[in-house]
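S.K.: Next comes start-v1.cif, mmCIF, N, CA and C atoms:
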```cif
data_input
loop_
_atom_site.label_atom_id
_atom_site.label_comp_id
_atom_site.auth_asym_id
_atom_site.auth_seq_id
_atom_site.Cartn_x
_atom_site.Cartn_y
_atom_site.Cartn_z
N MET A 1 0.11 32.64 72.31
CA MET A 1 -0.73 31.60 72.84
C MET A 1 -0.68 31.70 74.36
N THR A 2 -1.84 31.71 75.01
CA THR A 2 -1.87 31.80 76.46
C THR A 2 -1.47 30.47 77.08
N ALA A 3 -1.08 30.54 78.35
CA ALA A 3 -0.66 29.32 79.03
C ALA A 3 -1.79 28.30 79.10
N GLY A 4 -3.04 28.78 79.31
CA GLY A 4 -4.18 27.87 79.39
C GLY A 4 -4.42 27.14 78.08
N VAL A 5 -4.30 27.86 76.97
CA VAL A 5 -4.50 27.24 75.65
C VAL A 5 -3.40 26.23 75.39
N LEU A 6 -2.15 26.58 75.76
CA LEU A 6 -1.03 25.67 75.56
C LEU A 6 -1.21 24.40 76.40
N VAL A 7 -1.63 24.55 77.64
CA VAL A 7 -1.86 23.38 78.50
C VAL A 7 -2.96 22.51 77.92
N ARG A 8 -4.07 23.12 77.46
CA ARG A 8 -5.18 22.35 76.87
C ARG A 8 -4.70 21.59 75.65
N PHE A 9 -3.89 22.24 74.80
CA PHE A 9 -3.39 21.58 73.60
C PHE A 9 -2.48 20.40 73.96
N LEU A 10 -1.57 20.61 74.92
CA LEU A 10 -0.68 19.53 75.33
C LEU A 10 -1.45 18.36 75.92
N LEU A 11 -2.45 18.64 76.75
CA LEU A 11 -3.27 17.57 77.32
C LEU A 11 -4.04 16.83 76.22
N ALA A 12 -4.57 17.58 75.25
CA ALA A 12 -5.30 16.95 74.15
C ALA A 12 -4.38 16.06 73.34
N THR A 13 -3.15 16.51 73.11
CA THR A 13 -2.19 15.71 72.34
C THR A 13 -1.84 14.43 73.09
N VAL A 14 -1.58 14.54 74.39
CA VAL A 14 -1.26 13.35 75.19
C VAL A 14 -2.43 12.38 75.20
N ALA A 15 -3.65 12.90 75.39
CA ALA A 15 -4.83 12.03 75.40
C ALA A 15 -5.00 11.32 74.07
N LEU A 16 -4.78 12.03 72.98
CA LEU A 16 -4.90 11.42 71.65
C LEU A 16 -3.87 10.32 71.47
N LEU A 17 -2.63 10.59 71.86
CA LEU A 17 -1.58 9.58 71.73
C LEU A 17 -1.88 8.35 72.59
N LEU A 18 -2.36 8.57 73.80
CA LEU A 18 -2.71 7.44 74.67
C LEU A 18 -3.86 6.63 74.11
N SER A 19 -4.89 7.30 73.56
CA SER A 19 -6.04 6.57 73.04
C SER A 19 -5.67 5.79 71.79
N VAL A 20 -4.81 6.31 70.95
CA VAL A 20 -4.36 5.58 69.76
C VAL A 20 -3.50 4.41 70.18
N GLY A 21 -2.68 4.59 71.21
CA GLY A 21 -1.81 3.52 71.68
C GLY A 21 -2.56 2.37 72.32
N CYS A 22 -3.80 2.56 72.71
CA CYS A 22 -4.58 1.53 73.38
C CYS A 22 -5.44 0.73 72.42
N SER A 23 -5.17 0.80 71.14
CA SER A 23 -6.06 0.16 70.17
C SER A 23 -6.00 -1.36 70.17
N SER A 24 -5.06 -1.95 70.88
CA SER A 24 -4.96 -3.40 70.86
C SER A 24 -6.01 -4.08 71.72
N SER A 25 -6.63 -3.36 72.64
CA SER A 25 -7.66 -3.96 73.48
C SER A 25 -8.99 -3.28 73.20
N GLU A 26 -10.07 -3.98 73.52
CA GLU A 26 -11.40 -3.42 73.29
C GLU A 26 -11.65 -2.30 74.28
N PRO A 27 -12.17 -1.16 73.83
CA PRO A 27 -12.43 -0.05 74.73
C PRO A 27 -13.62 -0.32 75.62
N THR A 28 -13.61 0.34 76.77
CA THR A 28 -14.78 0.31 77.64
C THR A 28 -15.29 1.73 77.75
N GLY A 29 -16.56 1.88 77.93
CA GLY A 29 -17.11 3.23 78.08
C GLY A 29 -18.34 3.40 77.23
N ALA A 30 -18.67 4.65 76.98
CA ALA A 30 -19.87 4.99 76.25
C ALA A 30 -19.77 4.59 74.78
N LEU A 31 -20.93 4.40 74.15
CA LEU A 31 -20.98 4.08 72.73
C LEU A 31 -20.52 5.25 71.89
N THR A 32 -19.81 4.94 70.81
CA THR A 32 -19.35 5.98 69.89
C THR A 32 -19.99 5.78 68.52
N ALA A 33 -19.94 6.84 67.73
CA ALA A 33 -20.39 6.78 66.34
C ALA A 33 -19.32 7.44 65.49
N ALA A 34 -19.19 6.99 64.24
CA ALA A 34 -18.20 7.55 63.32
C ALA A 34 -18.42 9.05 63.16
N VAL A 35 -17.34 9.80 63.22
CA VAL A 35 -17.41 11.26 63.06
C VAL A 35 -16.25 11.70 62.17
N LYS A 36 -16.61 12.35 61.07
CA LYS A 36 -15.60 12.98 60.23
C LYS A 36 -16.20 14.28 59.74
N GLY A 37 -15.36 15.13 59.20
CA GLY A 37 -15.87 16.40 58.72
C GLY A 37 -14.77 17.25 58.14
N LYS A 38 -15.09 18.52 58.00
CA LYS A 38 -14.15 19.49 57.45
C LYS A 38 -14.30 20.78 58.24
N VAL A 39 -13.15 21.37 58.63
CA VAL A 39 -13.16 22.62 59.36
C VAL A 39 -12.89 23.76 58.38
N THR A 40 -13.77 24.76 58.40
CA THR A 40 -13.56 25.94 57.57
C THR A 40 -13.62 27.19 58.43
N PHE A 41 -12.90 28.21 58.00
CA PHE A 41 -12.94 29.53 58.64
C PHE A 41 -13.24 30.55 57.56
N LYS A 42 -14.36 31.22 57.70
CA LYS A 42 -14.83 32.18 56.69
C LYS A 42 -14.88 31.54 55.31
N GLY A 43 -15.34 30.28 55.27
CA GLY A 43 -15.52 29.57 54.02
C GLY A 43 -14.30 28.88 53.45
N GLN A 44 -13.12 29.10 54.05
CA GLN A 44 -11.88 28.49 53.56
C GLN A 44 -11.45 27.35 54.48
N PRO A 45 -10.87 26.27 53.94
CA PRO A 45 -10.42 25.16 54.79
C PRO A 45 -9.35 25.61 55.78
N VAL A 46 -9.48 25.14 57.01
CA VAL A 46 -8.42 25.29 58.00
C VAL A 46 -7.44 24.16 57.71
N THR A 47 -6.16 24.47 57.56
CA THR A 47 -5.21 23.49 57.03
C THR A 47 -4.35 22.78 58.06
N LYS A 48 -4.54 23.10 59.35
CA LYS A 48 -3.80 22.40 60.40
C LYS A 48 -4.49 22.60 61.73
N GLY A 49 -4.07 21.83 62.72
CA GLY A 49 -4.61 21.98 64.07
C GLY A 49 -5.29 20.72 64.56
N THR A 50 -6.01 20.89 65.65
CA THR A 50 -6.71 19.79 66.30
C THR A 50 -8.15 20.18 66.59
N VAL A 51 -9.08 19.29 66.29
CA VAL A 51 -10.49 19.45 66.64
C VAL A 51 -10.73 18.59 67.87
N ALA A 52 -11.45 19.12 68.85
CA ALA A 52 -11.79 18.34 70.04
C ALA A 52 -13.28 18.50 70.33
N PHE A 53 -13.91 17.39 70.71
CA PHE A 53 -15.32 17.37 71.10
C PHE A 53 -15.38 17.02 72.58
N GLU A 54 -16.05 17.87 73.37
CA GLU A 54 -16.24 17.62 74.80
C GLU A 54 -17.72 17.32 75.04
N PRO A 55 -18.04 16.10 75.51
CA PRO A 55 -19.45 15.77 75.73
C PRO A 55 -20.08 16.64 76.82
N ASP A 56 -21.32 17.08 76.58
CA ASP A 56 -22.08 17.79 77.61
C ASP A 56 -22.23 16.86 78.81
N GLY A 57 -22.07 17.40 79.98
CA GLY A 57 -22.23 16.60 81.18
C GLY A 57 -21.02 15.75 81.52
N GLY A 58 -19.93 15.92 80.81
CA GLY A 58 -18.72 15.16 81.08
C GLY A 58 -18.64 13.89 80.26
N GLY A 59 -17.52 13.24 80.36
CA GLY A 59 -17.29 12.02 79.60
C GLY A 59 -16.00 12.12 78.80
N LYS A 60 -15.72 11.09 78.05
CA LYS A 60 -14.47 11.00 77.28
C LYS A 60 -14.52 11.93 76.07
N GLU A 61 -13.51 12.78 75.96
CA GLU A 61 -13.39 13.68 74.82
C GLU A 61 -12.92 12.91 73.59
N ALA A 62 -13.22 13.46 72.43
CA ALA A 62 -12.74 12.92 71.16
C ALA A 62 -11.84 13.97 70.51
N PHE A 63 -10.84 13.51 69.75
CA PHE A 63 -9.89 14.40 69.10
C PHE A 63 -9.67 13.99 67.66
N GLY A 64 -9.39 14.96 66.81
CA GLY A 64 -9.05 14.69 65.43
C GLY A 64 -8.01 15.67 64.94
N THR A 65 -7.09 15.19 64.13
CA THR A 65 -6.06 16.05 63.54
C THR A 65 -6.58 16.60 62.22
N ILE A 66 -6.48 17.91 62.06
CA ILE A 66 -6.94 18.55 60.83
C ILE A 66 -5.88 18.34 59.74
N GLN A 67 -6.33 17.83 58.60
CA GLN A 67 -5.46 17.57 57.46
C GLN A 67 -5.33 18.84 56.61
N PRO A 68 -4.36 18.89 55.69
CA PRO A 68 -4.17 20.10 54.86
C PRO A 68 -5.40 20.53 54.06
N ASP A 69 -6.33 19.62 53.80
CA ASP A 69 -7.55 19.99 53.07
C ASP A 69 -8.70 20.37 54.01
N GLY A 70 -8.42 20.42 55.33
CA GLY A 70 -9.42 20.80 56.32
C GLY A 70 -10.19 19.64 56.92
N THR A 71 -10.00 18.43 56.41
CA THR A 71 -10.77 17.28 56.89
C THR A 71 -10.18 16.72 58.19
N PHE A 72 -11.03 16.00 58.92
CA PHE A 72 -10.61 15.34 60.16
C PHE A 72 -11.45 14.09 60.37
N ILE A 73 -10.93 13.15 61.16
CA ILE A 73 -11.65 11.96 61.61
C ILE A 73 -11.40 11.87 63.12
N MET A 74 -12.48 11.73 63.89
CA MET A 74 -12.37 11.76 65.34
C MET A 74 -12.00 10.41 65.94
N THR A 75 -11.29 10.49 67.06
CA THR A 75 -10.85 9.33 67.84
C THR A 75 -11.22 9.55 69.30
N THR A 76 -11.85 8.53 69.91
CA THR A 76 -12.15 8.59 71.34
C THR A 76 -11.39 7.51 72.10
N TYR A 77 -11.68 6.25 71.82
CA TYR A 77 -11.03 5.14 72.53
C TYR A 77 -9.96 4.46 71.68
N LYS A 78 -10.25 4.29 70.40
CA LYS A 78 -9.26 3.69 69.50
C LYS A 78 -9.30 4.46 68.18
N LYS A 79 -8.27 4.35 67.41
CA LYS A 79 -8.09 5.17 66.22
C LYS A 79 -9.34 5.21 65.33
N GLU A 80 -9.81 6.43 65.09
CA GLU A 80 -10.91 6.73 64.17
C GLU A 80 -12.23 6.05 64.52
N ASP A 81 -12.46 5.82 65.84
CA ASP A 81 -13.73 5.21 66.25
C ASP A 81 -14.86 6.23 66.42
N GLY A 82 -14.56 7.51 66.26
CA GLY A 82 -15.59 8.53 66.32
C GLY A 82 -15.65 9.23 67.66
N ALA A 83 -16.87 9.62 68.05
CA ALA A 83 -17.10 10.34 69.29
C ALA A 83 -18.28 9.72 70.02
N VAL A 84 -18.34 9.96 71.31
CA VAL A 84 -19.44 9.47 72.15
C VAL A 84 -20.75 10.09 71.65
N LEU A 85 -21.81 9.32 71.65
CA LEU A 85 -23.12 9.81 71.24
C LEU A 85 -23.58 10.93 72.17
N GLY A 86 -24.23 11.94 71.59
CA GLY A 86 -24.78 13.03 72.38
C GLY A 86 -24.26 14.39 71.95
N LYS A 87 -24.64 15.42 72.73
CA LYS A 87 -24.23 16.79 72.44
C LYS A 87 -22.80 17.03 72.91
N HIS A 88 -22.08 17.85 72.11
CA HIS A 88 -20.68 18.17 72.40
C HIS A 88 -20.42 19.65 72.16
N ARG A 89 -19.51 20.19 72.98
CA ARG A 89 -18.92 21.49 72.69
C ARG A 89 -17.66 21.21 71.86
N VAL A 90 -17.34 22.12 70.93
CA VAL A 90 -16.24 21.90 70.00
C VAL A 90 -15.16 22.97 70.19
N SER A 91 -13.90 22.52 70.14
CA SER A 91 -12.79 23.47 70.11
C SER A 91 -11.89 23.13 68.92
N VAL A 92 -11.24 24.15 68.40
CA VAL A 92 -10.26 24.00 67.32
C VAL A 92 -9.02 24.74 67.78
N SER A 93 -7.93 23.99 67.98
CA SER A 93 -6.72 24.61 68.51
C SER A 93 -5.53 24.41 67.57
N ASN A 94 -4.53 25.24 67.79
CA ASN A 94 -3.28 25.19 67.01
C ASN A 94 -3.55 25.27 65.51
N ALA A 95 -4.53 26.10 65.14
CA ALA A 95 -4.97 26.17 63.75
C ALA A 95 -4.29 27.27 62.95
N GLY A 96 -3.36 27.98 63.54
CA GLY A 96 -2.66 29.03 62.82
C GLY A 96 -3.18 30.41 63.15
N ILE A 97 -2.50 31.41 62.63
CA ILE A 97 -2.80 32.79 63.01
C ILE A 97 -4.10 33.32 62.43
N SER A 98 -4.60 32.71 61.39
CA SER A 98 -5.82 33.22 60.77
C SER A 98 -7.08 32.88 61.56
N VAL A 99 -7.03 31.87 62.43
CA VAL A 99 -8.19 31.44 63.21
C VAL A 99 -8.09 32.05 64.60
N PRO A 100 -9.10 32.81 65.03
CA PRO A 100 -9.06 33.44 66.36
C PRO A 100 -8.90 32.41 67.48
N LEU A 101 -8.13 32.80 68.52
CA LEU A 101 -7.87 31.91 69.65
C LEU A 101 -9.12 31.51 70.42
N LYS A 102 -10.21 32.28 70.29
CA LYS A 102 -11.43 31.92 71.02
C LYS A 102 -11.91 30.52 70.67
N TYR A 103 -11.59 30.03 69.47
CA TYR A 103 -12.04 28.70 69.06
C TYR A 103 -11.28 27.58 69.76
N ALA A 104 -10.19 27.91 70.45
CA ALA A 104 -9.43 26.90 71.18
C ALA A 104 -10.08 26.56 72.52
N SER A 105 -11.10 27.33 72.92
CA SER A 105 -11.80 27.12 74.19
C SER A 105 -13.21 26.61 73.91
N TYR A 106 -13.59 25.53 74.60
CA TYR A 106 -14.95 25.00 74.42
C TYR A 106 -16.00 26.06 74.71
N SER A 107 -15.83 26.79 75.81
CA SER A 107 -16.86 27.74 76.20
C SER A 107 -16.87 28.99 75.32
N ALA A 108 -15.71 29.45 74.88
CA ALA A 108 -15.65 30.66 74.07
C ALA A 108 -16.01 30.42 72.61
N SER A 109 -15.78 29.21 72.11
CA SER A 109 -16.01 28.95 70.68
C SER A 109 -17.49 29.01 70.31
N LYS A 110 -18.35 28.62 71.24
CA LYS A 110 -19.80 28.59 71.01
C LYS A 110 -20.20 27.64 69.88
N VAL A 111 -19.30 26.74 69.48
CA VAL A 111 -19.60 25.76 68.44
C VAL A 111 -20.04 24.48 69.12
N GLU A 112 -21.16 23.92 68.68
CA GLU A 112 -21.68 22.68 69.26
C GLU A 112 -22.15 21.75 68.15
N VAL A 113 -22.07 20.44 68.42
CA VAL A 113 -22.60 19.43 67.51
C VAL A 113 -23.31 18.37 68.34
N GLU A 114 -24.21 17.63 67.70
CA GLU A 114 -24.83 16.48 68.35
C GLU A 114 -24.48 15.25 67.53
N VAL A 115 -23.73 14.35 68.15
CA VAL A 115 -23.31 13.11 67.49
C VAL A 115 -24.42 12.08 67.63
N THR A 116 -24.85 11.54 66.47
CA THR A 116 -25.88 10.50 66.45
C THR A 116 -25.37 9.32 65.64
N ALA A 117 -26.01 8.18 65.82
CA ALA A 117 -25.63 6.98 65.08
C ALA A 117 -26.01 7.09 63.60
N GLU A 118 -26.95 7.97 63.27
CA GLU A 118 -27.45 8.08 61.90
C GLU A 118 -26.62 9.02 61.03
N LYS A 119 -25.74 9.80 61.61
CA LYS A 119 -25.00 10.82 60.87
C LYS A 119 -23.51 10.60 61.05
N THR A 120 -22.71 10.83 59.99
CA THR A 120 -21.26 10.69 60.12
C THR A 120 -20.50 11.97 59.75
N GLU A 121 -21.12 12.86 58.97
CA GLU A 121 -20.46 14.09 58.51
C GLU A 121 -20.81 15.26 59.44
N TYR A 122 -19.79 15.92 59.95
CA TYR A 122 -19.97 17.04 60.86
C TYR A 122 -19.08 18.20 60.42
N PRO A 123 -19.56 19.05 59.51
CA PRO A 123 -18.77 20.21 59.12
C PRO A 123 -18.68 21.19 60.28
N ILE A 124 -17.49 21.73 60.49
CA ILE A 124 -17.27 22.73 61.53
C ILE A 124 -16.97 24.05 60.82
N GLU A 125 -17.92 24.96 60.89
CA GLU A 125 -17.79 26.24 60.21
C GLU A 125 -17.51 27.34 61.23
N LEU A 126 -16.33 27.93 61.15
CA LEU A 126 -15.93 29.00 62.05
C LEU A 126 -16.11 30.33 61.32
N HIS A 127 -16.49 31.36 62.07
CA HIS A 127 -16.75 32.67 61.45
C HIS A 127 -15.87 33.75 62.03
#
```
For this file, produce the structure as structure tokens.
M.R.:
Amino acid sequence: MTAGVLVRFLLATVALLLSVGCSSSEPTGALTAAVKGKVTFKGQPVTKGTVAFEPDGGGKEAFGTIQPDGTFIMTTYKKEDGAVLGKHRVSVSNAGISVPLKYASYSASKVEVEVTAEKTEYPIELH
């Protein structure tokens, strides 16, 4: 694991812990929508790691922990509140040796989603 990937993962973990810890007060910021999904690599569930959504143009990132069945639920301001509405670049980090490290970088992964209020399921298919 490169130093940059390790730093990004540590920052993502700290941000996730801080956002979960702030659930006692109402969040301020952009509107969010529920986001859940399943991460697969070559058709098989990714069984661990972290999914992160980075909004285009900046803004608060969302994070989700990948469960053993590949599923995740995103958190931005408070636990499982979803992600900010709009287009996002996606990264999947700490997913194990079978998933290429390029997916840990927003720019290298080339995976994007658009979060809308009308949709809640966002499958992340890695190739």
S.K.: Given the file above and the PyMOL selection byres ((chain A and resi 32) around 8), which residues are selected, and can you give them as a list in words?
M.R.: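 Going through the file, the PyMOL selection byres ((chain A and resi 32) around 8) ends up selecting Gly29, Ala30, Leu31, Ala33, Ala34, Val35, Thr76, Tyr77, Asp81, Gly82, Ala83, Val84, Leu85, Gly86, Val115, Thr116 and Ala117 of chain A.
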S.K.: Kindly export the residues of the current selection with N, CA and C atoms, as a compact mmCIF listing (two decimals), in the coordinates of the input.
M.R.:
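Final output, saved to selection-v3.txt:
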```
# COMPACT_ATOMS: atom_id res chain seq x y z
N GLY A 29 -16.56 1.88 77.93
CA GLY A 29 -17.11 3.23 78.08
C GLY A 29 -18.34 3.40 77.23
N ALA A 30 -18.67 4.65 76.98
CA ALA A 30 -19.87 4.99 76.25
C ALA A 30 -19.77 4.59 74.78
N LEU A 31 -20.93 4.40 74.15
CA LEU A 31 -20.98 4.08 72.73
C LEU A 31 -20.52 5.25 71.89
N ALA A 33 -19.94 6.84 67.73
CA ALA A 33 -20.39 6.78 66.34
C ALA A 33 -19.32 7.44 65.49
N ALA A 34 -19.19 6.99 64.24
CA ALA A 34 -18.20 7.55 63.32
C ALA A 34 -18.42 9.05 63.16
N VAL A 35 -17.34 9.80 63.22
CA VAL A 35 -17.41 11.26 63.06
C VAL A 35 -16.25 11.70 62.17
N THR A 76 -11.85 8.53 69.91
CA THR A 76 -12.15 8.59 71.34
C THR A 76 -11.39 7.51 72.10
N TYR A 77 -11.68 6.25 71.82
CA TYR A 77 -11.03 5.14 72.53
C TYR A 77 -9.96 4.46 71.68
N ASP A 81 -12.46 5.82 65.84
CA ASP A 81 -13.73 5.21 66.25
C ASP A 81 -14.86 6.23 66.42
N GLY A 82 -14.56 7.51 66.26
CA GLY A 82 -15.59 8.53 66.32
C GLY A 82 -15.65 9.23 67.66
N ALA A 83 -16.87 9.62 68.05
CA ALA A 83 -17.10 10.34 69.29
C ALA A 83 -18.28 9.72 70.02
N VAL A 84 -18.34 9.96 71.31
CA VAL A 84 -19.44 9.47 72.15
C VAL A 84 -20.75 10.09 71.65
N LEU A 85 -21.81 9.32 71.65
CA LEU A 85 -23.12 9.81 71.24
C LEU A 85 -23.58 10.93 72.17
N GLY A 86 -24.23 11.94 71.59
CA GLY A 86 -24.78 13.03 72.38
C GLY A 86 -24.26 14.39 71.95
N VAL A 115 -23.73 14.35 68.15
CA VAL A 115 -23.31 13.11 67.49
C VAL A 115 -24.42 12.08 67.63
N THR A 116 -24.85 11.54 66.47
CA THR A 116 -25.88 10.50 66.45
C THR A 116 -25.37 9.32 65.64
N ALA A 117 -26.01 8.18 65.82
CA ALA A 117 -25.63 6.98 65.08
C ALA A 117 -26.01 7.09 63.60
```
S.K.: One number please: atom CA of A:Pro45 to atom CA of A:Lys60, in Å, one decimal.
M.R.: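 Calculated distance between atom CA of A:Pro45 and atom CA of A:Lys60 is 26.9 Å.
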S.K.: Box along x, y and z, 6 Å on every side, all listed atoms of stretch 41-59 of chain A inside: centre and edge lengths in Å to one decimal, as JSON.
M.R.:
```
{"center_x": -13.0, "center_y": 22.1, "center_z": 67.5, "size_x": 30.4, "size_y": 32.2, "size_z": 40.1}
```
S.K.: With only N, CA and C atoms as the atoms that count, which of A:Gly49, A:Pro123, A:Ile97, A:Ser91 lies nearest to A:Lys110?
M.R.: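 Of the candidates, the smallest distance to A:Lys110 is held by A:Ser91.
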S.K.: Quick check, in Å to one decimal: how far apart do atom N of A:Lys79 and atom N of A:Lys102 lie?
M.R.: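 Atom N of A:Lys102 lies at a distance of 28.1 Å from atom N of A:Lys79.
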S.K.: Between atom CA of A:Glu80 and atom N of A:Ser107, what is the distance, to one decimal in Å?
M.R.: 23.7 Å
S.K.: Nearest to A:Phe63: which of A:Gly37, A:Ala108, A:Thr75, A:Gln44 is it, counting all atoms listed in the file?
M.R.: A:Thr75
S.K.: Quick one: everything within 10 Å of A:Pro68, counting only C-alpha atoms, minus sequence neighbours fewer than 2 positions away in the same chain. Send it as a VMD selection string.
M.R.: chain A and resid 45 to 49 65 to 66 70 to 72
S.K.: Selected residues, N, CA and C atoms, written as an mmCIF file, keeping the file's coordinate frame, please.
M.R.:
```cif
data_model
loop_
_atom_site.group_PDB
_atom_site.id
_atom_site.type_symbol
_atom_site.label_atom_id
_atom_site.label_comp_id
_atom_site.auth_asym_id
_atom_site.auth_seq_id
_atom_site.Cartn_x
_atom_site.Cartn_y
_atom_site.Cartn_z
ATOM 1 N N PRO A 45 -10.870 26.270 53.940
ATOM 2 C CA PRO A 45 -10.420 25.160 54.790
ATOM 3 C C PRO A 45 -9.350 25.610 55.780
ATOM 4 N N VAL A 46 -9.480 25.140 57.010
ATOM 5 C CA VAL A 46 -8.420 25.290 58.000
ATOM 6 C C VAL A 46 -7.440 24.160 57.710
ATOM 7 N N THR A 47 -6.160 24.470 57.560
ATOM 8 C CA THR A 47 -5.210 23.490 57.030
ATOM 9 C C THR A 47 -4.350 22.780 58.060
ATOM 10 N N LYS A 48 -4.540 23.100 59.350
ATOM 11 C CA LYS A 48 -3.800 22.400 60.400
ATOM 12 C C LYS A 48 -4.490 22.600 61.730
ATOM 13 N N GLY A 49 -4.070 21.830 62.720
ATOM 14 C CA GLY A 49 -4.610 21.980 64.070
ATOM 15 C C GLY A 49 -5.290 20.720 64.560
ATOM 16 N N THR A 65 -7.090 15.190 64.130
ATOM 17 C CA THR A 65 -6.060 16.050 63.540
ATOM 18 C C THR A 65 -6.580 16.600 62.220
ATOM 19 N N ILE A 66 -6.480 17.910 62.060
ATOM 20 C CA ILE A 66 -6.940 18.550 60.830
ATOM 21 C C ILE A 66 -5.880 18.340 59.740
ATOM 22 N N GLY A 70 -8.420 20.420 55.330
ATOM 23 C CA GLY A 70 -9.420 20.800 56.320
ATOM 24 C C GLY A 70 -10.190 19.640 56.920
ATOM 25 N N THR A 71 -10.000 18.430 56.410
ATOM 26 C CA THR A 71 -10.770 17.280 56.890
ATOM 27 C C THR A 71 -10.180 16.720 58.190
ATOM 28 N N PHE A 72 -11.030 16.000 58.920
ATOM 29 C CA PHE A 72 -10.610 15.340 60.160
ATOM 30 C C PHE A 72 -11.450 14.090 60.370
#
```
S.K.: Pick out the residues sitting within 5 Å of A:Phe53, and hand them over as a list of chain:residue names; count only N, CA and C atoms, and ignore anything fewer than 5 positions along from it in its own chain.
M.R.: A:Glu61, A:Ala62, A:Arg89, A:Val90
